[in-house]
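Colleague: To start, I am sharing the structure in question, which I have written as structure tokens.
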Amino acid sequence: MADSEGFYPKQVIADLFNITERRVEQLAQKKIIPKVGRGLFDLGPTVKAYTAYLHGLRNGAISADTSELNQRLKQAQTEEREARADMAKLDLSVMQGRLHEAEHVKKIMTDMIVACRSRLLALPSRASTVLVNMSEPTDIAEYLQGLVYAALNALSEYDPEQFNEMNDKYVPPHAEDG
């Protein structure tokens, strides 16, 4: 049990005090019980220090790590309040139509791209009947350019109201009377 110098490992101290080895380490770190070496304790001074600690707890002279627990509790409460405030800001942005769900953005953008794609894929069939009667390269280029611009126009038909229409939480701004 004891080493050659009469010091005891934390396992023995934990068993003697009926606490965990981790708790023994915590008590040593907080200088409640003296540690003589890595995981080693001098039994006499350790027992004396621990009993003094227990007496202090019983008499109210020492608080049982409540200051640390209170500090951790306050920290957790602060983090919770900050998280709630962040969520409230995000909710407000959604309600004001400044923040949109990724699912809604994906749907609207996909619809716009599909419309553009459809128009681009229709170019050859639309152009072939007209181009067959054209002979001037500049006329052909202008006609094709017009068809391309018309197809690309589907991408420029962005309407932010589409996002707001999909948003259940959106609250439109009130028109001021007066």
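Ligands are numbered from 1 in the order shown, chains are lettered A, B, ... in the order of the structure tokens, and residues start at 1 in each chain.
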Which residues are near Tyr143 in chain A? Cut-off 12 Å, only C-alpha atoms, ignore same chain within fewer than 6 positions. Put them as a PDB file with C-alpha atoms, in the first residue's frame.

Modeller:
```
ATOM      1  CA  LEU A 123     -33.559  27.905 -79.248  1.00  0.00           C
ATOM      2  CA  PRO A 124     -32.641  25.466 -82.042  1.00  0.00           C
ATOM      3  CA  ARG A 126     -37.388  28.253 -82.697  1.00  0.00           C
ATOM      4  CA  ALA A 127     -34.425  29.546 -84.665  1.00  0.00           C
ATOM      5  CA  SER A 128     -34.316  26.919 -87.392  1.00  0.00           C
ATOM      6  CA  THR A 129     -37.596  27.920 -89.036  1.00  0.00           C
ATOM      7  CA  VAL A 130     -36.613  31.603 -89.161  1.00  0.00           C
ATOM      8  CA  LEU A 131     -32.915  31.138 -89.969  1.00  0.00           C
ATOM      9  CA  ASN A 133     -34.930  32.177 -94.739  1.00  0.00           C
ATOM     10  CA  MET A 134     -32.027  34.412 -93.613  1.00  0.00           C
ATOM     11  CA  SER A 135     -28.816  34.849 -95.538  1.00  0.00           C
ATOM     12  CA  GLU A 136     -27.076  37.816 -93.931  1.00  0.00           C
ATOM     13  CA  PRO A 137     -24.720  36.833 -91.081  1.00  0.00           C
ATOM     14  CA  TYR A 149     -31.334  37.416 -74.301  1.00  0.00           C
ATOM     15  CA  ALA A 150     -34.974  36.333 -74.068  1.00  0.00           C
TER      16      ALA A 150
END
```

Colleague: Skip range 156-172 of chain A itself and residues of its chain fewer than 5 positions away, then list as a PyMOL selection string all residues within 10 Å of it, counting only C-alpha atoms.

Modeller: chain A and resi 91-101+103-105+107-109+112+116+151

Colleague: Would you save the residues of that selection, restricted to C-alpha atoms, as a short mmCIF file (atom, residue, chain, number, x, y, z; two decimals), in the first residue's frame?

Modeller:
```
data_model
loop_
_atom_site.label_atom_id
_atom_site.label_comp_id
_atom_site.auth_asym_id
_atom_site.auth_seq_id
_atom_site.Cartn_x
_atom_site.Cartn_y
_atom_site.Cartn_z
CA ASP A 91 -36.63 35.18 -36.22
CA LEU A 92 -36.95 38.93 -36.67
CA SER A 93 -34.91 38.77 -39.88
CA VAL A 94 -37.19 35.99 -41.16
CA MET A 95 -40.29 37.97 -40.22
CA GLN A 96 -38.92 41.06 -41.98
CA GLY A 97 -38.17 39.05 -45.12
CA ARG A 98 -34.41 39.59 -44.87
CA LEU A 99 -33.57 35.95 -44.07
CA HIS A 100 -34.90 32.98 -46.02
CA GLU A 101 -34.88 29.25 -45.55
CA GLU A 103 -35.17 25.17 -48.97
CA HIS A 104 -37.15 28.17 -50.27
CA VAL A 105 -34.11 29.73 -51.93
CA LYS A 107 -36.82 26.03 -54.94
CA ILE A 108 -37.11 29.56 -56.33
CA MET A 109 -33.62 29.52 -57.87
CA MET A 112 -35.66 30.26 -62.46
CA CYS A 116 -33.96 29.58 -68.49
CA ALA A 151 -33.88 33.01 -72.55
#
```

Colleague: With a cut-off of 12 Å, could you pull out the residues of range 40-95 of chain A touching range 15-22 of chain A and give me the nearest pair of atoms for each, distance in Å to one decimal, using only C-alpha atoms, ordered by chain and ascending number, as JSON lines?

Modeller:
```
{"residue": "A:Leu40", "atom": "CA", "partner": "A:Glu21", "partner_atom": "CA", "distance": 11.6}
{"residue": "A:Leu43", "atom": "CA", "partner": "A:Leu16", "partner_atom": "CA", "distance": 9.9}
{"residue": "A:Thr46", "atom": "CA", "partner": "A:Phe17", "partner_atom": "CA", "distance": 10.3}
{"residue": "A:Val47", "atom": "CA", "partner": "A:Phe17", "partner_atom": "CA", "distance": 8.5}
{"residue": "A:Lys48", "atom": "CA", "partner": "A:Phe17", "partner_atom": "CA", "distance": 11.7}
{"residue": "A:Ala49", "atom": "CA", "partner": "A:Phe17", "partner_atom": "CA", "distance": 11.8}
{"residue": "A:Tyr50", "atom": "CA", "partner": "A:Phe17", "partner_atom": "CA", "distance": 8.5}
{"residue": "A:Thr51", "atom": "CA", "partner": "A:Phe17", "partner_atom": "CA", "distance": 9.6}
{"residue": "A:Leu54", "atom": "CA", "partner": "A:Phe17", "partner_atom": "CA", "distance": 10.8}
```

Colleague: Write the residues of the preceding selection, restricted to C-alpha atoms, as a PDB file, in the first residue's frame.

Modeller:
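Wrote it out as out15.pdb, contents follow:
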```pdb
ATOM      1  CA  LEU A  40       1.168  10.291  -3.646  1.00  0.00           C
ATOM      2  CA  LEU A  43      -1.400   9.877   5.204  1.00  0.00           C
ATOM      3  CA  THR A  46      -3.840  14.334   4.371  1.00  0.00           C
ATOM      4  CA  VAL A  47      -6.288  12.895   6.909  1.00  0.00           C
ATOM      5  CA  LYS A  48      -5.843  15.938   9.121  1.00  0.00           C
ATOM      6  CA  ALA A  49      -6.441  18.375   6.233  1.00  0.00           C
ATOM      7  CA  TYR A  50      -9.472  16.446   4.965  1.00  0.00           C
ATOM      8  CA  THR A  51     -11.112  16.267   8.397  1.00  0.00           C
ATOM      9  CA  LEU A  54     -15.170  18.456   6.455  1.00  0.00           C
TER      10      LEU A  54
END
```

Colleague: How would you write, as a PyMOL selection string, the set of residues in range 19-140 of chain A that DSSP gives as alpha helix (DSSP H)?

Modeller: chain A and resi 21-29+43-59+66-95+102-131+137-140

Colleague: Mind pulling up the distance from CA of Ala115 in chain A to CA of Ala102 in chain A?

Modeller: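 Between CA of Ala102 in chain A and CA of Ala115 in chain A the gap is 19.9 Å.
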